[in-house]
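**Student:** Input structure: run.cif, which contains mmCIF, C-alpha atoms.
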```cif
data_data
loop_
_atom_site.label_atom_id
_atom_site.label_comp_id
_atom_site.auth_asym_id
_atom_site.auth_seq_id
_atom_site.Cartn_x
_atom_site.Cartn_y
_atom_site.Cartn_z
CA MET A 1 127.72 -112.16 -108.82
CA TYR A 2 125.78 -115.38 -108.36
CA ALA A 3 124.87 -118.22 -110.67
CA PRO A 4 121.23 -118.10 -111.84
CA MET A 5 118.84 -120.17 -109.76
CA PRO A 6 117.15 -123.07 -111.55
CA SER A 7 113.40 -122.78 -112.10
CA ALA A 8 111.76 -124.38 -109.11
CA GLY A 9 108.38 -124.53 -107.47
CA SER A 10 107.37 -125.21 -103.91
CA TYR A 11 109.79 -127.22 -101.79
CA GLY A 12 112.45 -126.96 -104.49
CA MET A 13 110.58 -129.14 -106.99
CA PRO A 14 111.15 -128.23 -110.68
CA VAL A 15 108.31 -126.34 -112.38
CA ASP A 16 106.53 -128.03 -115.28
CA PRO A 17 106.44 -125.39 -118.07
CA ALA A 18 103.22 -126.83 -119.51
CA ALA A 19 101.49 -126.74 -116.13
CA ALA A 20 102.73 -123.20 -115.52
CA ARG A 21 101.36 -122.11 -118.89
CA ARG A 22 97.97 -123.74 -118.23
CA TYR A 23 97.76 -121.98 -114.87
CA ALA A 24 98.69 -118.60 -116.38
CA LEU A 25 96.23 -119.13 -119.26
CA ARG A 26 93.26 -120.03 -117.06
CA ARG A 27 94.06 -117.22 -114.63
CA THR A 28 94.28 -114.66 -117.46
CA VAL A 29 91.07 -115.81 -119.16
CA ASN A 30 89.21 -115.89 -115.84
CA ARG A 31 90.32 -112.40 -114.83
CA SER A 32 89.69 -110.98 -118.31
CA ALA A 33 86.17 -112.41 -118.44
CA GLY A 34 85.48 -111.11 -114.97
CA LEU A 35 86.62 -107.66 -116.02
CA ILE A 36 84.34 -107.66 -119.08
CA LEU A 37 81.41 -108.88 -116.98
CA ALA A 38 82.05 -106.10 -114.45
CA TYR A 39 82.24 -103.57 -117.31
CA GLN A 40 78.91 -104.79 -118.67
CA THR A 41 77.34 -104.64 -115.21
CA ILE A 42 78.56 -101.07 -114.71
CA ILE A 43 77.01 -100.02 -118.03
CA MET A 44 73.69 -101.68 -117.20
CA ALA A 45 73.60 -100.10 -113.73
CA ALA A 46 74.41 -96.66 -115.16
CA SER A 47 71.72 -97.10 -117.81
CA MET A 48 69.13 -97.98 -115.15
CA VAL A 49 70.06 -94.98 -113.02
CA PHE A 50 70.01 -92.53 -115.93
CA GLY A 51 66.80 -94.11 -117.24
CA LEU A 52 65.16 -93.62 -113.85
CA ILE A 53 66.20 -89.97 -113.83
CA ILE A 54 64.79 -89.44 -117.32
CA GLY A 55 61.57 -91.18 -116.29
CA VAL A 56 61.18 -88.87 -113.31
CA VAL A 57 61.80 -85.83 -115.52
CA ALA A 58 59.21 -87.08 -118.01
CA SER A 59 56.66 -87.64 -115.24
CA VAL A 60 57.20 -84.16 -113.80
CA ALA A 61 56.85 -82.64 -117.27
CA MET A 62 53.58 -84.49 -117.83
CA ILE A 63 52.19 -83.44 -114.45
CA ALA A 64 53.14 -79.83 -115.09
CA ARG A 65 51.56 -79.94 -118.54
CA SER A 66 48.37 -81.53 -117.26
CA GLY A 67 48.12 -78.92 -114.55
CA ALA A 68 48.65 -76.10 -117.01
CA THR A 69 46.16 -77.31 -119.61
CA GLY A 70 43.67 -78.98 -117.28
CA ALA A 71 43.46 -81.88 -119.73
CA THR A 72 41.27 -84.77 -118.60
CA GLY A 73 39.89 -87.98 -120.07
CA ASP A 74 41.41 -90.54 -122.38
CA GLY A 75 42.49 -87.95 -124.91
CA GLY A 76 44.63 -86.18 -122.30
CA LEU A 77 46.14 -89.46 -121.16
CA MET A 78 47.03 -90.35 -124.75
CA THR A 79 48.66 -86.95 -125.21
CA ASP A 80 50.64 -87.40 -122.01
CA ALA A 81 51.75 -90.88 -123.10
CA GLN A 82 52.93 -89.49 -126.42
CA MET A 83 54.77 -86.72 -124.62
CA ALA A 84 56.52 -89.23 -122.35
CA SER A 85 57.48 -91.30 -125.38
CA ASP A 86 58.90 -88.24 -127.14
CA ILE A 87 60.95 -87.30 -124.07
CA MET A 88 62.35 -90.81 -123.73
CA LEU A 89 63.16 -90.88 -127.45
CA ARG A 90 64.99 -87.56 -127.31
CA TRP A 91 67.00 -88.62 -124.28
CA THR A 92 67.85 -92.17 -125.38
CA GLY A 93 71.01 -91.00 -127.10
CA MET A 94 72.20 -89.09 -124.05
CA LEU A 95 71.41 -92.10 -121.86
CA SER A 96 73.43 -94.39 -124.14
CA LEU A 97 76.34 -91.95 -124.29
CA ALA A 98 76.41 -91.44 -120.53
CA SER A 99 76.22 -95.18 -119.81
CA VAL A 100 79.00 -96.18 -122.20
CA LEU A 101 81.22 -93.34 -120.97
CA VAL A 102 80.74 -94.51 -117.38
CA GLY A 103 81.76 -97.98 -118.53
CA PHE A 104 84.80 -96.56 -120.29
CA LEU A 105 85.84 -94.65 -117.17
CA PHE A 106 85.61 -97.89 -115.21
CA MET A 107 87.80 -99.67 -117.76
CA LEU A 108 90.23 -96.75 -117.78
CA LEU A 109 90.44 -96.93 -114.00
CA MET A 110 91.15 -100.65 -114.10
CA ARG A 111 93.58 -100.66 -117.04
CA HIS A 112 94.91 -97.10 -117.30
CA ARG A 113 98.53 -98.25 -117.40
CA MET A 114 97.71 -100.21 -120.54
CA ILE A 115 95.33 -97.79 -122.24
CA LEU A 116 97.27 -94.58 -121.66
CA THR A 117 100.23 -95.64 -123.79
CA ARG A 118 101.02 -95.02 -127.41
CA ALA A 119 101.73 -98.71 -128.00
CA PHE A 120 98.15 -99.58 -126.98
CA TRP A 121 96.75 -97.54 -129.87
CA THR A 122 99.39 -97.74 -132.60
CA GLY A 123 101.40 -100.77 -131.53
CA VAL A 124 105.09 -101.14 -130.95
CA PRO A 125 107.09 -99.64 -133.86
CA GLY A 126 107.95 -102.35 -136.35
CA GLU A 127 105.46 -104.81 -134.83
CA HIS A 128 102.52 -104.04 -137.13
CA ALA A 129 102.17 -103.84 -140.89
CA ASP A 130 101.42 -100.53 -142.58
CA MET A 131 97.81 -100.11 -143.63
CA ARG A 132 97.38 -99.34 -147.30
CA PRO A 133 94.15 -98.04 -148.88
CA ALA A 134 93.74 -101.25 -150.87
CA TRP A 135 93.97 -103.36 -147.71
CA PHE A 136 91.50 -101.15 -145.84
CA LEU A 137 89.02 -101.52 -148.70
CA THR A 138 89.59 -105.28 -148.59
CA PHE A 139 88.70 -105.43 -144.90
CA LEU A 140 85.72 -103.14 -145.49
CA ALA A 141 84.58 -105.53 -148.23
CA LEU A 142 84.73 -108.37 -145.70
CA VAL A 143 82.56 -106.43 -143.25
CA ILE A 144 80.05 -105.61 -145.99
CA GLY A 145 80.17 -109.26 -147.01
CA VAL A 146 79.27 -110.34 -143.48
CA GLN A 147 76.35 -107.92 -143.49
CA SER A 148 75.28 -109.21 -146.91
CA VAL A 149 75.24 -112.83 -145.76
CA LEU A 150 73.16 -111.83 -142.75
CA ILE A 151 70.67 -109.92 -144.93
CA LEU A 152 70.42 -112.91 -147.26
CA ALA A 153 69.83 -115.24 -144.31
CA GLN A 154 67.07 -112.98 -143.00
CA LEU A 155 65.41 -112.93 -146.44
CA ILE A 156 65.54 -116.72 -146.67
CA PHE A 157 64.06 -117.21 -143.21
CA ALA A 158 61.38 -114.58 -143.94
CA ALA A 159 60.44 -116.45 -147.12
CA LEU A 160 60.05 -119.59 -145.00
CA GLY A 161 57.73 -117.71 -142.66
CA ILE A 162 60.30 -117.40 -139.84
CA PRO A 163 61.37 -113.75 -139.66
CA LEU A 164 64.61 -113.26 -137.74
CA VAL A 165 63.82 -110.43 -135.36
CA SER A 166 66.61 -108.28 -133.91
CA PRO A 167 65.36 -106.25 -130.91
CA THR A 168 68.66 -104.37 -130.72
CA SER A 169 68.56 -103.28 -134.36
CA ASP A 170 64.89 -102.28 -134.12
CA SER A 171 65.55 -100.24 -131.00
CA LEU A 172 68.52 -98.46 -132.56
CA ASP A 173 66.55 -97.69 -135.73
CA GLU A 174 63.70 -96.15 -133.71
CA SER A 175 65.96 -94.03 -131.52
CA ALA A 176 68.45 -92.90 -134.19
CA VAL A 177 66.72 -89.55 -134.61
CA THR A 178 68.92 -87.33 -132.44
CA VAL A 179 72.47 -86.06 -132.75
CA SER A 180 73.43 -87.72 -129.47
CA MET A 181 72.22 -91.13 -130.67
CA TRP A 182 74.04 -90.74 -133.96
CA LEU A 183 77.16 -89.80 -132.03
CA TYR A 184 76.77 -92.92 -129.89
CA ILE A 185 76.14 -95.31 -132.79
CA GLY A 186 78.65 -93.88 -135.23
CA LEU A 187 81.58 -92.78 -133.08
CA ILE A 188 81.63 -93.19 -129.29
CA GLY A 189 80.16 -96.68 -129.21
CA PRO A 190 82.59 -98.15 -131.79
CA VAL A 191 85.62 -96.48 -130.17
CA VAL A 192 84.80 -97.77 -126.69
CA GLU A 193 83.94 -101.26 -127.95
CA GLU A 194 87.24 -101.51 -129.81
CA VAL A 195 89.18 -100.27 -126.78
CA VAL A 196 87.52 -102.84 -124.53
CA PHE A 197 87.39 -105.91 -126.78
CA ARG A 198 90.21 -105.50 -129.29
CA GLY A 199 92.37 -103.37 -127.03
CA VAL A 200 92.22 -104.54 -123.42
CA LEU A 201 90.75 -108.04 -123.81
CA MET A 202 92.60 -109.20 -126.90
CA ARG A 203 95.91 -107.74 -125.75
CA GLN A 204 95.66 -109.65 -122.48
CA LEU A 205 94.98 -112.92 -124.34
CA ARG A 206 97.53 -112.43 -127.10
CA PRO A 207 100.45 -114.18 -125.31
CA PHE A 208 98.50 -117.44 -125.58
CA GLY A 209 98.08 -117.32 -129.34
CA ARG A 210 96.79 -114.83 -131.89
CA ASN A 211 94.01 -117.10 -133.13
CA PHE A 212 92.85 -117.73 -129.58
CA ALA A 213 92.88 -114.02 -128.71
CA ILE A 214 90.96 -113.04 -131.85
CA VAL A 215 88.32 -115.77 -131.54
CA THR A 216 87.79 -115.31 -127.80
CA SER A 217 87.41 -111.54 -128.07
CA ALA A 218 84.99 -111.97 -131.01
CA LEU A 219 82.91 -114.49 -129.05
CA MET A 220 82.65 -112.26 -125.99
CA PHE A 221 81.91 -109.27 -128.21
CA ALA A 222 79.04 -111.22 -129.79
CA LEU A 223 77.57 -112.33 -126.46
CA PHE A 224 77.90 -108.79 -125.12
CA HIS A 225 75.22 -107.63 -127.59
CA ASP A 226 72.52 -109.90 -126.07
CA ASP A 227 70.89 -110.35 -129.48
CA VAL A 228 70.94 -113.41 -131.75
CA VAL A 229 71.05 -111.58 -135.09
CA GLN A 230 73.33 -108.80 -133.89
CA GLY A 231 75.44 -111.37 -132.06
CA VAL A 232 76.15 -113.37 -135.22
CA PHE A 233 77.04 -110.17 -137.05
CA ALA A 234 79.22 -109.00 -134.15
CA PHE A 235 81.08 -112.32 -133.98
CA LEU A 236 81.93 -112.40 -137.69
CA CYS A 237 82.83 -108.70 -137.76
CA GLY A 238 84.76 -109.22 -134.51
CA LEU A 239 87.00 -111.70 -136.33
CA VAL A 240 87.77 -109.05 -138.97
CA PHE A 241 88.24 -106.26 -136.42
CA GLY A 242 90.42 -108.54 -134.31
CA PHE A 243 92.67 -109.43 -137.24
CA VAL A 244 93.03 -105.77 -138.19
CA ALA A 245 93.84 -104.73 -134.61
CA MET A 246 96.27 -107.61 -134.22
CA GLU A 247 98.16 -107.02 -137.46
CA TYR A 248 97.68 -103.30 -138.16
CA SER A 249 96.96 -101.71 -134.73
CA LEU A 250 93.89 -100.72 -132.75
CA VAL A 251 93.58 -97.39 -134.57
CA TRP A 252 92.71 -99.16 -137.81
CA SER A 253 90.14 -101.49 -136.24
CA ILE A 254 88.49 -98.40 -134.74
CA ALA A 255 88.48 -96.71 -138.16
CA LEU A 256 86.94 -99.79 -139.77
CA HIS A 257 84.29 -100.07 -137.05
CA VAL A 258 83.40 -96.36 -137.31
CA VAL A 259 83.10 -96.50 -141.12
CA ASN A 260 80.79 -99.49 -140.86
CA ASN A 261 78.54 -97.93 -138.22
CA ALA A 262 78.58 -94.31 -139.33
CA VAL A 263 78.70 -94.68 -143.12
CA ILE A 264 77.58 -98.14 -144.28
CA SER A 265 74.86 -98.65 -141.66
CA GLY A 266 74.32 -94.96 -140.96
CA VAL A 267 74.53 -92.24 -143.59
CA LEU A 268 74.08 -94.45 -146.66
CA SER A 269 71.31 -96.46 -145.04
CA GLU A 270 69.40 -93.32 -144.02
CA PHE A 271 69.87 -91.84 -147.47
CA ALA A 272 68.37 -94.97 -149.02
CA ALA A 273 65.52 -94.93 -146.47
CA SER A 274 64.61 -91.41 -147.56
CA PHE A 275 63.28 -92.97 -150.79
CA GLY A 276 60.92 -95.20 -148.84
CA PRO A 277 60.65 -99.02 -149.00
CA THR A 278 61.99 -99.01 -152.55
CA GLY A 279 65.17 -97.28 -151.41
CA ASP A 280 65.62 -99.72 -148.53
CA ALA A 281 65.18 -102.71 -150.83
CA ALA A 282 67.55 -101.27 -153.44
CA TYR A 283 70.22 -100.56 -150.83
CA ALA A 284 69.92 -104.05 -149.32
CA PHE A 285 70.22 -105.57 -152.80
CA LEU A 286 73.25 -103.40 -153.59
CA LEU A 287 74.90 -104.41 -150.30
CA MET A 288 74.35 -108.08 -151.09
CA ILE A 289 75.86 -107.73 -154.56
CA VAL A 290 78.88 -105.77 -153.33
CA GLY A 291 79.33 -107.86 -150.20
CA ILE A 292 79.03 -111.32 -151.72
CA GLY A 293 81.16 -110.26 -154.67
CA GLY A 294 83.72 -108.89 -152.23
CA LEU A 295 83.77 -112.12 -150.22
CA ILE A 296 84.35 -114.16 -153.36
CA ALA A 297 87.12 -111.82 -154.54
CA VAL A 298 88.85 -111.79 -151.15
CA TRP A 299 88.71 -115.57 -150.85
CA MET A 300 90.06 -116.12 -154.36
CA ASN A 301 92.92 -113.66 -153.87
CA HIS A 302 93.73 -114.14 -150.20
CA GLY A 303 92.12 -117.40 -149.14
CA TRP A 304 95.42 -119.26 -149.10
CA GLY A 305 97.04 -116.52 -147.04
CA LEU A 306 94.21 -116.59 -144.50
CA ARG A 307 94.47 -120.37 -144.15
CA GLU A 308 98.22 -120.07 -143.74
CA TYR A 309 97.78 -117.36 -141.09
CA ALA A 310 95.38 -119.58 -139.17
CA ARG A 311 97.80 -122.51 -139.40
CA ILE A 312 100.83 -120.54 -138.24
CA ASN A 313 99.00 -118.89 -135.35
CA ARG A 314 96.95 -121.81 -134.11
CA SER A 315 96.98 -122.27 -130.38
CA GLU A 316 98.59 -125.07 -128.43
CA PRO A 317 96.37 -128.09 -127.71
CA GLY A 318 94.10 -127.51 -124.75
CA THR A 319 94.13 -123.71 -124.97
CA TYR A 320 90.39 -123.44 -125.52
CA ARG A 321 89.74 -125.45 -122.37
CA SER A 322 90.34 -122.18 -120.56
CA TRP A 323 86.79 -121.28 -121.62
CA THR A 324 85.67 -123.47 -118.70
CA THR A 325 86.93 -121.00 -116.07
CA GLY A 326 84.36 -119.62 -113.65
CA TRP A 327 84.00 -116.02 -114.79
CA PHE A 328 84.08 -116.93 -118.48
CA LEU A 329 81.28 -119.48 -117.99
CA ALA A 330 79.34 -116.92 -115.93
CA PHE A 331 79.67 -114.37 -118.74
CA VAL A 332 78.54 -116.91 -121.36
CA ILE A 333 75.61 -118.23 -119.33
CA ILE A 334 74.27 -114.84 -118.24
CA ASN A 335 74.46 -113.28 -121.69
CA GLY A 336 73.30 -116.47 -123.39
CA VAL A 337 70.15 -116.61 -121.26
CA VAL A 338 69.42 -112.91 -121.80
CA THR A 339 69.93 -113.34 -125.55
CA LEU A 340 67.60 -116.33 -125.83
CA VAL A 341 64.90 -114.74 -123.69
CA SER A 342 65.07 -111.52 -125.71
CA PHE A 343 64.97 -113.39 -129.00
CA ALA A 344 62.07 -115.63 -127.93
CA SER A 345 60.09 -112.65 -126.65
CA ALA A 346 60.63 -110.77 -129.90
CA MET A 347 59.65 -113.77 -132.02
CA ILE A 348 56.50 -114.42 -129.99
CA GLY A 349 55.54 -110.75 -129.75
#
```
Rewrite the coordinates I just gave you, this time as structure tokens.

**Tutor:**
Amino acid sequence: MYAPMPSAGSYGMPVDPAAARRYALRRTVNRSAGLILAYQTIIMAASMVFGLIIGVVASVAMIARSGATGATGDGGLMTDAQMASDIMLRWTGMLSLASVLVGFLFMLLMRHRMILTRAFWTGVPGEHADMRPAWFLTFLALVIGVQSVLILAQLIFAALGIPLVSPTSDSLDESAVTVSMWLYIGLIGPVVEEVVFRGVLMRQLRPFGRNFAIVTSALMFALFHDDVVQGVFAFLCGLVFGFVAMEYSLVWSIALHVVNNAVISGVLSEFAASFGPTGDAAYAFLLMIVGIGGLIAVWMNHGWGLREYARINRSEPGTYRSWTTGWFLAFVIINGVVTLVSFASAMIG
């Protein structure tokens, strides 16, 4: 019944579209980074609480055992220490599962209207390309290629006398002896990470450019790991996972992440380890051959297409300045400091 009102700001002044976009961009990035930081804090708090409970249980078990056996002296203390270590090792998987599920419940509470929709998982009909087996193998080759480059880099640095230590990887290798830990590493962890970083975070950033959304989610995913070596791997894999989620749907990025964790780095790696150091070395060499060969093949066949995708979807000038917002900088600084301290401690120790 009425003519549409012209776009206007305060006091009837026309709104500058560029200024409005910058405001919306910075506000979205700031709120998204704050949400991820809160999610990480919730996980850490839950881990501390569950860890404290497990520690109390271990202490009670040791006291009960000492009382029952009447063990005294250094030998008894050593036995008790081993018992405490075994209890912590058995419960590490449950602790990890419980912590990440608490974090997921927090994210579900904050973004349930987004997550509890079919479009969140499979995309809007007609919006995504259909995944074919050949394409899935191509993306898997890229992930293996990233892992191969990282293995090669570690070998080179080790030959130079500078071993690249990864506390996260070492901790996971030591604790991956229970069903609960395998479930966390191979299934629950990848699903929740994809929901948070390629689902919630990347979807919120997508209106400001696909490249920007993919790169920002990959960067935050890398920093989230608080580990230099794992962070580099997570960033490069995050680019692949982000592209798959953006163009093929979140379901396929989850599948790719699960296959990498459960099969490539899980079942096959453990099978190779069963043959001792020779099996580990042979598997690492095989991964490097397959991965580097896959990277070369993908670049030769699809390099032009990837460059064209990056050109078409590049962000408007000034988009990456939104990384200077308060919560984003807080996330980067906090995780950056933790990462450097952890890496330095591991290298010195």

**Student:** Which residues are close to A:Val228, i.e. within 7 Å by all atoms listed in the file, leaving aside same-chain residues fewer than 4 positions away? Reply as a PyMOL selection string.

**Tutor:** chain A and resi 232+339+343

**Student:** So the first atom is atom CA of A:Gly34 and the second is atom CA of A:Phe120; what is the distance between them in Å, to one decimal place?

**Tutor:**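 Straight-line distance from atom CA of A:Gly34 to atom CA of A:Phe120 works out to 20.9 Å.
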
**Student:** Against stretch 310-331 of chain A, which residues of stretch 164-283 of chain A fall within 10 Å? For each one I want the closest pair of atoms and the distance in Å (one decimal), counting all atoms listed in the file, rows by chain and increasing residue number, as a Markdown table.

**Tutor:**
```
| residue | atom | partner | partner_atom | distance |
| --- | --- | --- | --- | --- |
| A:Phe208 | CA | A:Ser315 | CA | 7.0 |
| A:Gly209 | CA | A:Ser315 | CA | 5.2 |
| A:Arg210 | CA | A:Asn313 | CA | 5.8 |
| A:Asn211 | CA | A:Arg314 | CA | 5.6 |
| A:Phe212 | CA | A:Ser315 | CA | 6.2 |
| A:Ala213 | CA | A:Ser315 | CA | 9.4 |
| A:Val215 | CA | A:Tyr320 | CA | 10.0 |
| A:Thr216 | CA | A:Trp323 | CA | 8.7 |
| A:Met220 | CA | A:Phe331 | CA | 8.1 |
| A:Leu223 | CA | A:Phe331 | CA | 8.3 |
| A:Phe224 | CA | A:Phe331 | CA | 8.7 |
```

**Student:** Check which residues satisfy the PyMOL selection byres ((chain A and resi 347) around 9) in the file shown, then give them as a list in words.

**Tutor:**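 The output of the PyMOL selection byres ((chain A and resi 347) around 9) on this file is Ile162, Pro163, Leu164, Val165, Ser342, Phe343, Ala344, Ser345, Ala346, Ile348 and Gly349 of chain A.
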
**Student:** Limited to C-alpha atoms, could you put the picked residues into a file as a short mmCIF file (atom, residue, chain, number, x, y, z; two decimals), in the coordinates of the input?

**Tutor:**
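Result went into again_12.cif, see below:
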```
data_model
loop_
_atom_site.label_atom_id
_atom_site.label_comp_id
_atom_site.auth_asym_id
_atom_site.auth_seq_id
_atom_site.Cartn_x
_atom_site.Cartn_y
_atom_site.Cartn_z
CA ILE A 162 60.30 -117.40 -139.84
CA PRO A 163 61.37 -113.75 -139.66
CA LEU A 164 64.61 -113.26 -137.74
CA VAL A 165 63.82 -110.43 -135.36
CA SER A 342 65.07 -111.52 -125.71
CA PHE A 343 64.97 -113.39 -129.00
CA ALA A 344 62.07 -115.63 -127.93
CA SER A 345 60.09 -112.65 -126.65
CA ALA A 346 60.63 -110.77 -129.90
CA ILE A 348 56.50 -114.42 -129.99
CA GLY A 349 55.54 -110.75 -129.75
#
```

**Student:** Can you build me a table of stretch 90-198 of chain A residues sitting at most 10 Å from stretch 289-295 of chain A, with the closest atom pair per residue and its distance in Å to one decimal, using all atoms listed in the file, sorted by chain and residue number, as a tab-separated table?

**Tutor:**
```
residue	atom	partner	partner_atom	distance
A:Leu137	CA	A:Gly294	CA	9.7
A:Thr138	CA	A:Gly294	CA	7.8
A:Phe139	CA	A:Gly294	CA	9.5
A:Leu140	CA	A:Gly294	CA	9.1
A:Ala141	CA	A:Gly294	CA	5.3
A:Leu142	CA	A:Leu295	CA	6.0
A:Val143	CA	A:Gly291	CA	7.8
A:Ile144	CA	A:Gly291	CA	4.8
A:Gly145	CA	A:Gly291	CA	3.6
A:Val146	CA	A:Gly291	CA	7.2
A:Gln147	CA	A:Gly291	CA	7.3
A:Ser148	CA	A:Gly291	CA	5.4
A:Val149	CA	A:Ile292	CA	7.2
A:Leu152	CA	A:Ile292	CA	9.8
```
